[in-house]
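Trainee: So here's my_file_26.cif, just mmCIF, C-alpha atoms and all ligand atoms:
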data_upload
#
loop_
_atom_site.label_atom_id
_atom_site.label_comp_id
_atom_site.auth_asym_id
_atom_site.auth_seq_id
_atom_site.Cartn_x
_atom_site.Cartn_y
_atom_site.Cartn_z
CA MET A 1 -5.03 -36.44 -10.52
CA ASN A 2 -7.03 -33.44 -11.67
CA GLN A 3 -3.89 -31.56 -12.73
CA TYR A 4 -2.85 -34.49 -14.96
CA LEU A 5 -6.24 -34.60 -16.61
CA SER A 6 -6.21 -30.82 -17.07
CA ARG A 7 -2.79 -31.07 -18.76
CA PHE A 8 -3.96 -34.00 -20.87
CA LEU A 9 -6.97 -31.99 -22.07
CA SER A 10 -4.62 -28.99 -22.79
CA LEU A 11 -7.00 -26.51 -21.22
CA PRO A 12 -6.02 -22.96 -22.19
CA VAL A 13 -4.13 -20.82 -19.71
CA LEU A 14 -6.42 -19.74 -16.89
CA ALA A 15 -6.56 -15.99 -16.21
CA SER A 16 -9.86 -15.32 -14.42
CA GLU A 17 -11.16 -15.86 -10.92
CA HIS A 18 -14.30 -17.85 -11.72
CA GLY A 19 -12.43 -19.92 -14.34
CA LYS A 20 -11.33 -22.42 -11.69
CA GLY A 21 -14.95 -23.48 -11.23
CA VAL A 22 -15.44 -23.86 -15.00
CA ASP A 23 -12.30 -25.99 -15.26
CA SER A 24 -13.35 -28.15 -12.30
CA LEU A 25 -16.69 -28.82 -13.99
CA ILE A 26 -14.95 -29.73 -17.28
CA ILE A 27 -12.63 -32.08 -15.39
CA TYR A 28 -15.42 -33.78 -13.39
CA VAL A 29 -17.46 -34.32 -16.56
CA HIS A 30 -14.40 -35.86 -18.21
CA TRP A 31 -13.84 -38.21 -15.24
CA LEU A 32 -17.46 -39.32 -15.59
CA MET A 33 -17.02 -39.83 -19.35
CA ILE A 34 -13.73 -41.72 -18.84
CA SER A 35 -15.39 -44.07 -16.33
CA LEU A 36 -18.34 -44.64 -18.70
CA PHE A 37 -15.93 -45.31 -21.56
CA VAL A 38 -13.89 -47.79 -19.53
CA GLY A 39 -17.07 -49.42 -18.21
CA TRP A 40 -18.63 -49.86 -21.64
CA ILE A 41 -15.39 -51.17 -23.21
CA ALA A 42 -14.97 -53.66 -20.35
CA TYR A 43 -18.59 -54.80 -20.75
CA PHE A 44 -18.14 -55.08 -24.51
CA PHE A 45 -15.16 -57.46 -24.13
CA TYR A 46 -16.90 -59.34 -21.32
CA ALA A 47 -19.95 -59.89 -23.57
CA ILE A 48 -17.77 -61.07 -26.48
CA TYR A 49 -16.10 -63.59 -24.19
CA ARG A 50 -19.11 -64.63 -22.09
CA PHE A 51 -21.42 -65.24 -25.04
CA ARG A 52 -18.87 -66.84 -27.36
CA LYS A 53 -20.28 -69.35 -29.82
CA SER A 54 -18.36 -72.41 -28.50
CA LYS A 55 -20.02 -72.07 -25.06
CA ASN A 56 -23.41 -70.86 -26.31
CA PRO A 57 -24.45 -72.98 -29.27
CA LYS A 58 -28.11 -72.10 -28.67
CA ALA A 59 -29.39 -68.55 -28.28
CA ASP A 60 -30.86 -67.70 -24.87
CA TYR A 61 -34.15 -65.88 -25.37
CA VAL A 62 -34.68 -65.06 -21.68
CA GLY A 63 -31.62 -62.81 -21.26
CA SER A 64 -30.39 -61.27 -18.05
CA LYS A 65 -32.34 -61.99 -14.87
CA THR A 66 -30.45 -59.59 -12.59
CA HIS A 67 -31.13 -55.87 -12.08
CA ALA A 68 -27.46 -54.85 -12.22
CA SER A 69 -27.91 -52.77 -15.36
CA THR A 70 -30.78 -50.81 -13.76
CA TYR A 71 -28.69 -50.07 -10.65
CA ILE A 72 -25.71 -48.94 -12.75
CA GLU A 73 -27.97 -46.74 -14.87
CA VAL A 74 -29.46 -45.13 -11.76
CA ALA A 75 -25.96 -44.60 -10.30
CA VAL A 76 -24.76 -42.87 -13.50
CA ALA A 77 -27.88 -40.67 -13.55
CA GLY A 78 -27.22 -39.89 -9.86
CA VAL A 79 -23.66 -38.71 -10.58
CA GLU A 80 -24.96 -36.59 -13.48
CA ALA A 81 -27.62 -35.05 -11.20
CA VAL A 82 -24.97 -34.21 -8.56
CA LEU A 83 -22.79 -32.52 -11.20
CA LEU A 84 -25.73 -30.54 -12.52
CA LEU A 85 -27.34 -29.55 -9.21
CA PHE A 86 -24.27 -29.04 -7.03
CA VAL A 87 -21.58 -27.90 -9.47
CA ALA A 88 -22.99 -26.55 -12.75
CA ILE A 89 -26.10 -24.68 -11.56
CA PRO A 90 -24.42 -22.98 -8.53
CA LEU A 91 -21.51 -21.92 -10.77
CA TRP A 92 -23.89 -20.51 -13.38
CA ALA A 93 -26.03 -18.79 -10.74
CA LYS A 94 -22.96 -17.10 -9.26
CA LYS A 95 -21.67 -16.13 -12.69
CA VAL A 96 -24.81 -14.45 -13.97
CA ASP A 97 -26.28 -13.23 -10.68
CA LYS A 98 -23.71 -11.31 -8.69
CA PHE A 99 -22.66 -8.41 -10.87
CA PRO A 100 -20.02 -6.16 -9.37
CA SER A 101 -21.13 -2.55 -8.98
CA ALA A 102 -20.00 -0.13 -11.67
CA SER A 103 -17.95 1.89 -9.14
CA GLU A 104 -15.68 -1.05 -8.34
CA ALA A 105 -15.38 -2.42 -11.87
CA THR A 106 -13.84 -1.56 -15.22
CA VAL A 107 -16.91 -0.96 -17.37
CA ILE A 108 -16.56 -1.30 -21.14
CA ARG A 109 -18.99 -1.28 -24.03
CA VAL A 110 -18.05 -3.72 -26.75
CA THR A 111 -19.72 -3.63 -30.14
CA ALA A 112 -19.00 -6.49 -32.49
CA GLU A 113 -19.12 -6.01 -36.23
CA GLN A 114 -18.10 -7.89 -39.35
CA PHE A 115 -15.20 -8.54 -38.67
CA SER A 116 -13.89 -6.58 -35.77
CA TRP A 117 -14.44 -5.42 -32.19
CA ASN A 118 -15.09 -1.84 -31.05
CA SER A 119 -14.58 -0.95 -27.42
CA ARG A 120 -15.54 2.19 -25.54
CA TYR A 121 -14.73 3.33 -22.01
CA PRO A 122 -16.80 5.88 -20.06
CA GLY A 123 -13.77 8.03 -19.14
CA ALA A 124 -13.12 9.84 -15.85
CA ASP A 125 -16.79 10.63 -15.11
CA GLY A 126 -17.76 6.95 -15.32
CA VAL A 127 -20.74 7.81 -17.57
CA PHE A 128 -21.04 6.80 -21.20
CA GLY A 129 -22.11 9.43 -23.71
CA ALA A 130 -25.45 8.87 -25.36
CA GLN A 131 -25.85 6.87 -28.54
CA ASP A 132 -28.69 7.56 -30.92
CA ILE A 133 -29.68 5.80 -34.10
CA LYS A 134 -30.26 9.25 -35.69
CA ALA A 135 -26.58 10.13 -35.16
CA VAL A 136 -25.39 7.15 -37.21
CA SER A 137 -23.40 8.13 -40.29
CA GLY A 138 -20.51 6.84 -42.36
CA SER A 139 -17.98 8.46 -40.05
CA ASN A 140 -19.97 7.73 -36.88
CA PRO A 141 -21.20 4.18 -37.40
CA LEU A 142 -22.09 3.59 -33.74
CA GLY A 143 -24.20 6.75 -33.46
CA TYR A 144 -22.39 8.58 -30.66
CA VAL A 145 -24.12 11.84 -29.83
CA VAL A 146 -21.27 14.27 -30.37
CA ASN A 147 -22.58 17.10 -28.16
CA ASP A 148 -23.44 14.96 -25.14
CA PRO A 149 -21.28 16.29 -22.24
CA ALA A 150 -21.11 12.80 -20.67
CA GLY A 151 -19.45 11.57 -23.85
CA LYS A 152 -16.73 14.23 -23.98
CA ASP A 153 -14.30 12.16 -21.92
CA ASP A 154 -15.29 8.76 -23.32
CA VAL A 155 -12.38 6.78 -24.67
CA THR A 156 -12.47 4.86 -27.93
CA PRO A 157 -9.32 2.76 -28.42
CA PRO A 158 -8.37 1.48 -31.87
CA MET A 159 -10.45 -1.43 -33.12
CA LYS A 160 -9.63 -4.88 -31.81
CA GLU A 161 -7.91 -3.46 -28.74
CA ILE A 162 -9.19 -3.85 -25.19
CA HIS A 163 -7.21 -3.20 -22.02
CA VAL A 164 -8.23 -3.94 -18.43
CA PRO A 165 -6.36 -3.73 -15.13
CA VAL A 166 -5.57 -6.98 -13.31
CA ASN A 167 -7.45 -8.10 -10.15
CA LYS A 168 -10.34 -5.72 -10.72
CA PRO A 169 -13.77 -6.92 -11.89
CA VAL A 170 -14.60 -6.19 -15.52
CA VAL A 171 -18.16 -5.55 -16.69
CA ILE A 172 -18.71 -5.65 -20.45
CA TYR A 173 -21.91 -4.56 -22.16
CA LEU A 174 -21.95 -6.45 -25.39
CA THR A 175 -23.84 -5.77 -28.56
CA SER A 176 -23.46 -6.15 -32.31
CA LYS A 177 -23.72 -3.73 -35.19
CA ASP A 178 -24.77 -6.22 -37.84
CA VAL A 179 -25.15 -9.98 -37.36
CA ILE A 180 -24.83 -12.34 -34.40
CA HIS A 181 -21.24 -12.66 -33.19
CA SER A 182 -19.85 -14.24 -30.04
CA PHE A 183 -17.31 -12.76 -27.65
CA GLN A 184 -14.96 -15.57 -26.68
CA LEU A 185 -12.05 -15.14 -24.30
CA ASP A 186 -10.78 -18.63 -23.50
CA PRO A 187 -8.27 -17.62 -20.80
CA MET A 188 -11.13 -15.86 -18.96
CA ARG A 189 -13.49 -18.82 -19.55
CA ILE A 190 -15.99 -16.41 -21.10
CA THR A 191 -18.16 -16.87 -24.19
CA GLN A 192 -21.21 -14.72 -24.84
CA ASP A 193 -23.22 -14.13 -28.00
CA ALA A 194 -23.40 -10.53 -29.24
CA ILE A 195 -26.85 -9.88 -30.66
CA PRO A 196 -27.93 -6.83 -32.66
CA GLY A 197 -30.41 -4.69 -30.72
CA MET A 198 -29.50 -6.22 -27.36
CA LYS A 199 -27.13 -4.98 -24.68
CA ILE A 200 -25.91 -8.10 -22.89
CA PRO A 201 -23.87 -7.68 -19.71
CA LEU A 202 -21.10 -10.08 -18.72
CA HIS A 203 -18.50 -9.95 -16.00
CA PHE A 204 -15.29 -11.61 -14.86
CA THR A 205 -12.19 -10.76 -12.84
CA PRO A 206 -8.85 -11.15 -14.62
CA ILE A 207 -6.15 -12.42 -12.25
CA ARG A 208 -3.17 -12.80 -14.56
CA VAL A 209 -1.33 -10.07 -16.48
CA GLY A 210 -0.91 -10.89 -20.15
CA HIS A 211 -1.88 -10.42 -23.79
CA TYR A 212 -4.70 -12.74 -24.75
CA GLN A 213 -6.59 -13.46 -27.93
CA LEU A 214 -10.20 -12.50 -28.21
CA GLN A 215 -12.09 -14.34 -30.92
CA CYS A 216 -15.51 -14.54 -32.49
CA ALA A 217 -17.16 -17.86 -31.67
CA GLN A 218 -20.15 -17.54 -33.99
CA LEU A 219 -19.80 -18.13 -37.72
CA CYS A 220 -20.65 -14.61 -38.90
CA GLY A 221 -19.59 -14.34 -42.54
CA ASN A 222 -16.65 -14.68 -44.93
CA GLY A 223 -14.18 -12.96 -42.64
CA HIS A 224 -15.19 -14.80 -39.47
CA SER A 225 -11.80 -16.48 -39.12
CA THR A 226 -10.09 -13.07 -39.08
CA MET A 227 -12.35 -11.71 -36.35
CA ASP A 228 -9.83 -11.76 -33.54
CA GLY A 229 -8.89 -9.08 -31.06
CA ASN A 230 -6.17 -8.17 -28.59
CA PHE A 231 -7.18 -8.38 -24.97
CA TYR A 232 -4.58 -7.01 -22.57
CA VAL A 233 -4.62 -7.51 -18.84
CA ASP A 234 -2.27 -4.83 -17.48
CA THR A 235 -0.88 -3.95 -14.08
CA ALA A 236 -2.75 -1.00 -12.54
CA GLU A 237 0.10 1.39 -13.52
CA ASP A 238 0.32 0.18 -17.11
CA TYR A 239 -3.43 0.44 -17.45
CA SER A 240 -3.47 4.04 -16.16
CA LYS A 241 -0.68 4.92 -18.60
CA TRP A 242 -2.55 3.36 -21.51
CA MET A 243 -5.81 5.06 -20.51
CA ALA A 244 -4.06 8.45 -20.19
CA GLU A 245 -2.55 7.96 -23.65
CA LYS A 246 -5.93 7.07 -25.20
CA SER A 247 -7.76 9.90 -23.41
CA LYS A 248 -5.72 12.60 -25.13
CA GLY A 249 -7.83 14.85 -27.31
CA GLY A 250 -11.18 13.57 -26.01
CA GLY A 251 -12.85 10.40 -27.09
CA ALA A 252 -16.18 11.49 -28.47
CA THR A 253 -14.63 12.98 -31.57
CA THR A 254 -12.76 9.85 -32.61
CA PHE A 255 -14.81 7.25 -34.40
CA GLU A 256 -12.32 4.57 -35.25
CU CU A 301 -18.13 -12.59 -35.74
#
Would you kindly transcribe this structure into structure tokens?
Ligand SMILES: [Cu+2]

Mentor:
Amino acid sequence: MNQYLSRFLSLPVLASEHGKGVDSLIIYVHWLMISLFVGWIAYFFYAIYRFRKSKNPKADYVGSKTHASTYIEVAVAGVEAVLLLFVAIPLWAKKVDKFPSASEATVIRVTAEQFSWNSRYPGADGVFGAQDIKAVSGSNPLGYVVNDPAGKDDVTPPMKEIHVPVNKPVVIYLTSKDVIHSFQLDPMRITQDAIPGMKIPLHFTPIRVGHYQLQCAQLCGNGHSTMDGNFYVDTAEDYSKWMAEKSKGGGATTFE
């Protein structure tokens, strides 16, 4: 039954581990809404028939004497409480609580800007080079400290391009250069606002190789609709090849 509803709702392709839980919640909420819809429509037609003029020439000012409506209301609230307490909150707690350690994850810094996405990888040493507001210039808009040794092997792919290996947790530290944007990756069931001045961590594990669309989910200016990005989930070999290609010549000197 759930597969039919999922197909009917045309949920986007699912490519992350935790996404199953998100989809289940969406499906349960829709079952609840479908049953409420059917219930209300049935009651509507029942009321039209039951209180038709030919059988009820005089209005009844007393109304219903049973408590059925109260019981139904309590039952609906009960189902909503179960969904919230036993499905939604545990899913959220797991999603925001248990961050994978940096050593076992692909760690990326993503900086949103009007109207693009910048990504940066820490390179072989696993440490990001420093960023300093004083280093910001026209050719170095994100303020990378050029002489920081930790930054020498950092990798800066072209804008709008992010690669990750499959079946390995991804940790993204998200921020914005200008206004509020939102990092939305539907196949990963991930949406997170990018806020200037904040470094917001998010994590997920991609489980399906593919090329997916990243998009901005926060109206951020005239070019908002063009603020997409290419998110690639590669096999481990393809990812290593790509990373080796992008590492050539050192990353800290390229400010794309
Ligand atoms: Cu945006």

Trainee: Can you build me a table of chain A residues sitting at most 7 Å from ligand CU 301 (chain A), with the closest atom pair per residue and its distance in Å to one decimal, using only C-alpha atoms and all ligand atoms, sorted by chain and residue number, as a Markdown table?

Mentor:
| residue | atom | partner | partner_atom | distance |
| --- | --- | --- | --- | --- |
| A:Ala112 | CA | A:CU301 | CU | 7.0 |
| A:Glu113 | CA | A:CU301 | CU | 6.7 |
| A:Gln114 | CA | A:CU301 | CU | 5.9 |
| A:Phe115 | CA | A:CU301 | CU | 5.8 |
| A:Ile180 | CA | A:CU301 | CU | 6.8 |
| A:His181 | CA | A:CU301 | CU | 4.0 |
| A:Ser182 | CA | A:CU301 | CU | 6.2 |
| A:Cys216 | CA | A:CU301 | CU | 4.6 |
| A:Ala217 | CA | A:CU301 | CU | 6.7 |
| A:Gln218 | CA | A:CU301 | CU | 5.6 |
| A:Leu219 | CA | A:CU301 | CU | 6.1 |
| A:Cys220 | CA | A:CU301 | CU | 4.5 |
| A:His224 | CA | A:CU301 | CU | 5.2 |
| A:Met227 | CA | A:CU301 | CU | 5.9 |

Trainee: For A:Val171, find every residue with an atom within 7 Å (counting only C-alpha atoms), except residues of its own chain fewer than 4 positions away, and show them as a PDB file with C-alpha atoms, in the coordinates of the input.

Mentor:
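Okay, this is what ended up in part_9.pdb:
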ATOM      1  CA  ALA A 105     -15.380  -2.420 -11.870  1.00  0.00           C
ATOM      2  CA  THR A 106     -13.840  -1.560 -15.220  1.00  0.00           C
ATOM      3  CA  VAL A 107     -16.910  -0.960 -17.370  1.00  0.00           C
ATOM      4  CA  ILE A 108     -16.560  -1.300 -21.140  1.00  0.00           C
ATOM      5  CA  PRO A 201     -23.870  -7.680 -19.710  1.00  0.00           C
ATOM      6  CA  LEU A 202     -21.100 -10.080 -18.720  1.00  0.00           C
ATOM      7  CA  HIS A 203     -18.500  -9.950 -16.000  1.00  0.00           C
ATOM      8  CA  PHE A 204     -15.290 -11.610 -14.860  1.00  0.00           C
TER       9      PHE A 204
END

Trainee: Ranking A:Asn147, A:Ser101, A:Asn167, A:Ser247 by minimum distance to A:Asp132 and counting all atoms listed in the file, which one comes first?

Mentor: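 Among the listed residues, A:Asn147 lies closest to A:Asp132.
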
Trainee: With all atoms listed in the file as the basis for distance, which of A:Ala93, A:Val76, A:Ala68, A:Thr226 is at the shortest distance from A:Leu36?

Mentor: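 Using all atoms listed in the file, the shortest distance to A:Leu36 belongs to A:Val76.
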
Trainee: How many Å lie between atom CA of A:Val166 and atom CA of A:Thr235, rounded to one decimal?

Mentor: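 According to the coordinates, atom CA of A:Val166 and atom CA of A:Thr235 are separated by 5.6 Å.
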
Trainee: Between A:Arg208, A:Gln192, A:Pro141, A:Val164, which is the closest to A:Ala236 once you count only C-alpha atoms?

Mentor: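 When distances to A:Ala236 are compared using only C-alpha atoms, the smallest one comes from A:Val164.
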
Trainee: Between atom CA of A:Tyr239 and atom CA of A:Ile207, what is the distance, to one decimal in Å?

Mentor: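 That distance, rounded to one decimal, is 14.1 Å.
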
Trainee: Nearest residue to A:Asp186 out of A:Ser69, A:Ser16, A:Ser119, A:Ser139, using all atoms listed in the file?

Mentor: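 Of all the options, A:Ser16 lies closest to A:Asp186.
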
Trainee: For A:His18, which of A:Lys177, A:Lys168, A:Arg189, A:Lys55 is the closest residue, counting all atoms listed in the file?

Mentor: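 Once distances to A:His18 are computed over all atoms listed in the file, the minimum belongs to A:Arg189.
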
Trainee: Record the distance separating atom CA of A:Ile195 and atom CA of A:Trp117, expressed in Å with one decimal.

Mentor: 13.3 Å

Trainee: Give me the residues within 6 Å of stretch 123-129 of chain A as a VMD selection string, counting only C-alpha atoms and dropping any in the same chain fewer than 2 places off.

Mentor: chain A and resid 121 148 150 to 151 153 to 155

Trainee: Could you write out that same residue set with C-alpha atoms as a CSV table (one decimal), keeping the file's coordinate frame?

Mentor:
chain,number,residue,atom,x,y,z
A,121,TYR,CA,-14.7,3.3,-22.0
A,148,ASP,CA,-23.4,15.0,-25.1
A,150,ALA,CA,-21.1,12.8,-20.7
A,151,GLY,CA,-19.4,11.6,-23.8
A,153,ASP,CA,-14.3,12.2,-21.9
A,154,ASP,CA,-15.3,8.8,-23.3
A,155,VAL,CA,-12.4,6.8,-24.7

Trainee: Using all atoms listed in the file, find the one residue out of A:Val22, A:Asp60, A:Leu83, A:Thr156 that sits nearest to A:Glu245.

Mentor: A:Thr156
